[in-house]
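Notes follow once the structure below has been shown.
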Amino acid sequence: MAESTKKKGAFFMAKIYLVRHGESVANTRGIYQGQTYNTPLSCMGKKQAEALAKFFEDKDINKILTSPLMRTKQTAQKVANLKHLEIFDTLEVIETNHGEWEGLEKKVISTKWPNIYQLWQKKPSEVKFPGGETFLETRKRVIRWWNCIIKENTNLLVVTHDNIIRIILAEVLGLNLDNIWRFQLNPAAVTIVEVENGNYHLLALDEKSHLKELLVNLGNHAL
């Protein structure tokens with residue numbers, strides 16, 4: 001019996017693997033990408049995607065979902081090739097719409113919008129990005145999707161973005177949304193949530209043993 005339908009007593013068990021995309025070109029320059037500044041993986045990001053595929057060599061995955069952006073799809077493609085699976089674009093897990101921030105370096109943003117930038121670091125739940133979403137709007141679409149996906153009872157790989165994984169982790173761990181910066185999420189690292197008949201718990205946070213020398217300085221990224 002496949003892992004996705006393996007029984008534990010009378011219950012079905014499944015795993016949802018949440019992966020932040022590999023390092024992108026914009027990540028290396030400290031640029032907010034959002035939905036419109038759609039850069040590919042950097043050279044390091046491509047190596048991270050290859051390492052991610054090796055991580056999943058012995059894992060049972062039934063379906064791969066990705067944000068429809070280049071950096072997530074390129075990351076997922078290495079795993080898809082290995083597992084002979086199709087990639088399904090999933091708009092609900094696309095990055096936050098950062099509006100006027102998209103395509104700008106974080107040092108520019110911190111100067112032009114100092115109050116919003118500082119609020120983003122301390123109370124993300126209160127942020128509305130100029131010309132973009134409020135973070136609560138991002139959360140609403142992500143959690144609506146999450147509440148549906150946990151009912152599928154199948155092993156999923158979801159390749160998405162830093163913000164999106166933080167929203168899901170806050171839900172899983174029962175954290176206030178303003179506490180999402182408490183942990184690190186490395187490019188191509190794996191966070192694992194086990195689901196049992198609609199209930200879930202965290203199995204692994206930011207698993208990065210497969211990355212080894214491929215870890216990067218997160219301080220350079222615009223998050």
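Ligands are numbered from 1 in the order shown, residues from 1 within each chain, and chains are lettered A, B, ... in the order they appear in the structure tokens.
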Mind the document's chain letters and residue numbers, and return as JSON, numbers by chain the residues of chain A that DSSP labels helix (DSSP H, G or I).
{"A": [3, 4, 5, 25, 26, 27, 28, 43, 44, 45, 46, 47, 48, 49, 50, 51, 52, 53, 54, 55, 70, 71, 72, 73, 74, 75, 76, 77, 78, 79, 80, 81, 82, 83, 91, 92, 93, 99, 100, 101, 106, 107, 108, 109, 110, 111, 112, 114, 115, 116, 117, 118, 119, 120, 121, 122, 124, 125, 126, 135, 136, 137, 138, 139, 140, 141, 142, 143, 144, 145, 146, 147, 148, 149, 162, 163, 164, 165, 166, 167, 168, 169, 170, 171, 172, 173, 177, 178, 179, 180, 181, 182, 212, 213, 214, 218, 219, 220]}
Residue with the minimum atom-to-atom distance to A:Thr72, picked from A:Leu169, A:Leu136, A:Ala51, A:Leu41 with only C-alpha atoms counted, is A:Leu41
Residues near stretch 145-149 of chain A, cut-off 12 Å, only C-alpha atoms, skip fewer than 4 positions along chain, as a PyMOL selection string
chain A and resi 14-16+18+63+65+90-94+138-141+153-158+164-165+167-169+171-172+193+195+197-200
Excluding A:Ala189 and its own-chain neighbours fewer than 5 positions away, which residues fall within 10 Å of it when counting only C-alpha atoms? Please give them as a list in words.
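Returned residues: Tyr17, Leu18, Val19, Arg20, His21, Gly22, Gln48, Ala49, Ala51, Leu52, Phe55, Gln184, Leu205, Asp206, Glu207, Lys208, Ser209, His210, Leu211 and Leu215 of chain A.
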Export N, CA and C atoms of the chosen residues as a short mmCIF file (atom, residue, chain, number, x, y, z; two decimals), in the first residue's frame?
```cif
data_model
loop_
_atom_site.label_atom_id
_atom_site.label_comp_id
_atom_site.auth_asym_id
_atom_site.auth_seq_id
_atom_site.Cartn_x
_atom_site.Cartn_y
_atom_site.Cartn_z
N TYR A 17 5.22 17.97 2.05
CA TYR A 17 6.58 18.51 2.04
C TYR A 17 6.52 19.94 1.51
N LEU A 18 6.86 20.89 2.35
CA LEU A 18 6.86 22.30 1.97
C LEU A 18 8.29 22.74 1.70
N VAL A 19 8.53 23.26 0.51
CA VAL A 19 9.90 23.64 0.11
C VAL A 19 9.93 25.07 -0.38
N ARG A 20 10.80 25.85 0.21
CA ARG A 20 11.08 27.18 -0.35
C ARG A 20 11.94 26.97 -1.61
N HIS A 21 11.65 27.69 -2.66
CA HIS A 21 12.41 27.55 -3.92
C HIS A 21 13.90 27.76 -3.68
N GLY A 22 14.72 27.25 -4.60
CA GLY A 22 16.15 27.49 -4.55
C GLY A 22 16.46 28.97 -4.72
N GLN A 48 21.17 23.73 -5.64
CA GLN A 48 20.28 23.40 -4.54
C GLN A 48 19.11 22.54 -5.02
N ALA A 49 18.60 22.85 -6.21
CA ALA A 49 17.49 22.06 -6.77
C ALA A 49 17.93 20.63 -7.04
N ALA A 51 20.29 19.04 -5.38
CA ALA A 51 20.41 18.40 -4.07
C ALA A 51 19.04 18.04 -3.51
N LEU A 52 18.06 18.88 -3.77
CA LEU A 52 16.69 18.61 -3.33
C LEU A 52 16.16 17.34 -3.97
N PHE A 55 17.40 14.40 -2.21
CA PHE A 55 16.69 14.21 -0.94
C PHE A 55 15.43 13.38 -1.13
N GLN A 184 14.20 30.28 10.64
CA GLN A 184 14.80 30.46 9.32
C GLN A 184 14.20 29.46 8.33
N LEU A 205 11.32 20.94 10.50
CA LEU A 205 11.35 22.36 10.15
C LEU A 205 12.69 22.69 9.51
N ASP A 206 12.63 23.17 8.26
CA ASP A 206 13.83 23.65 7.58
C ASP A 206 14.93 22.58 7.55
N GLU A 207 14.56 21.35 7.18
CA GLU A 207 15.53 20.27 7.06
C GLU A 207 16.50 20.59 5.91
N LYS A 208 17.77 20.69 6.22
CA LYS A 208 18.74 21.15 5.23
C LYS A 208 20.00 20.28 5.15
N SER A 209 19.94 19.09 5.70
CA SER A 209 21.12 18.22 5.70
C SER A 209 21.58 17.88 4.28
N HIS A 210 20.67 17.89 3.33
CA HIS A 210 21.02 17.58 1.95
C HIS A 210 21.75 18.72 1.26
N LEU A 211 21.72 19.90 1.83
CA LEU A 211 22.32 21.08 1.19
C LEU A 211 23.80 21.24 1.50
N LEU A 215 24.41 25.97 1.46
CA LEU A 215 23.70 26.97 2.25
C LEU A 215 24.23 28.36 1.93
#
```
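Proximity to A:Thr134 at 12 Å, evaluated using only C-alpha atoms and with sequence-adjacent residues fewer than 5 positions away removed, yields Thr96, Asn97, His98, Gly99, Ile116, Trp120, Lys123, Pro124, Ser125, Glu126, Val127, Lys128, Phe129, Arg139, Lys140 and Arg141 of chain A.
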Which residue out of A:Met44, A:Glu102, A:Thr39, A:Phe88 has the minimum interatomic distance to A:Thr66 when only C-alpha atoms are used?
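Distance minimum relative to A:Thr66 lands on A:Phe88.
Coordinates place atom CA of A:Asp89 at a distance of 10.8 Å from atom CA of A:Ala76.
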Enumerate as a PyMOL selection string all residues of stretch 4-212 of chain A assigned to strand (DSSP E) by DSSP on the backbone, naming them with the chain letters and numbers the document uses.
chain A and resi 7-8+11-20+63-66+87-89+156-160+190-196+199-207
Gap from atom CA of A:Asp162 to atom CA of A:Asn62 - Å, one decimal
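Interatomic distance here is 23.1 Å.
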Find the distance between atom CA of A:Glu105 and atom CA of A:Leu119 and write it in Å to one decimal.
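Atom-to-atom, atom CA of A:Glu105 to atom CA of A:Leu119, that is 17.2 Å.
Nearest to A:Ala53 of all the residues A:Lys83, A:Lys73, A:Lys78, A:Arg144 is A:Lys78, based on only C-alpha atoms.
For the set A:Leu218, A:Ser67, A:Ile150, A:Glu86, the residue with the smallest atom-to-atom gap to A:Phe183 is A:Leu218, counting only C-alpha atoms.
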Go through A:Lys122, A:Pro114, A:Val159, A:Phe56 and flag the residue nearest A:Leu69, using only C-alpha atoms for the distances.
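Among A:Lys122, A:Pro114, A:Val159, A:Phe56, it is A:Val159 that comes nearest to A:Leu69.
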When you look at A:Ala170 with a cut-off of 12 Å (counting only C-alpha atoms), what residues show up, excluding the ones that are within fewer than 3 positions of it in the same chain? I need them as a PDB file with C-alpha atoms, in the first residue's frame.
```pdb
ATOM      1  CA  SER A 125      -0.269  41.196  10.135  1.00  0.00           C
ATOM      2  CA  ARG A 139      -2.928  34.554   4.586  1.00  0.00           C
ATOM      3  CA  VAL A 142      -3.188  30.383   1.603  1.00  0.00           C
ATOM      4  CA  ILE A 143      -5.163  29.048   4.562  1.00  0.00           C
ATOM      5  CA  ASN A 163       6.143  33.990   3.152  1.00  0.00           C
ATOM      6  CA  ILE A 164       3.743  31.232   2.189  1.00  0.00           C
ATOM      7  CA  ILE A 165       5.517  28.579   4.245  1.00  0.00           C
ATOM      8  CA  ARG A 166       5.626  30.933   7.238  1.00  0.00           C
ATOM      9  CA  ILE A 167       1.863  31.426   7.028  1.00  0.00           C
ATOM     10  CA  LEU A 173       2.049  25.611  15.241  1.00  0.00           C
ATOM     11  CA  GLY A 174      -0.737  27.885  16.458  1.00  0.00           C
ATOM     12  CA  LEU A 175       1.480  30.970  16.273  1.00  0.00           C
ATOM     13  CA  ASN A 176       0.357  34.557  16.043  1.00  0.00           C
ATOM     14  CA  LEU A 177       1.034  35.805  12.519  1.00  0.00           C
ATOM     15  CA  ASP A 178       3.374  38.452  13.915  1.00  0.00           C
ATOM     16  CA  ASN A 179       5.724  35.710  15.124  1.00  0.00           C
ATOM     17  CA  ILE A 180       6.561  34.307  11.691  1.00  0.00           C
ATOM     18  CA  TRP A 181      10.132  35.628  11.705  1.00  0.00           C
ATOM     19  CA  ARG A 182      11.150  33.398  14.628  1.00  0.00           C
ATOM     20  CA  PHE A 183      12.621  30.689  12.419  1.00  0.00           C
ATOM     21  CA  HIS A 201       1.575  18.197  13.179  1.00  0.00           C
ATOM     22  CA  LEU A 202       5.073  19.335  12.294  1.00  0.00           C
TER      23      LEU A 202
END
```
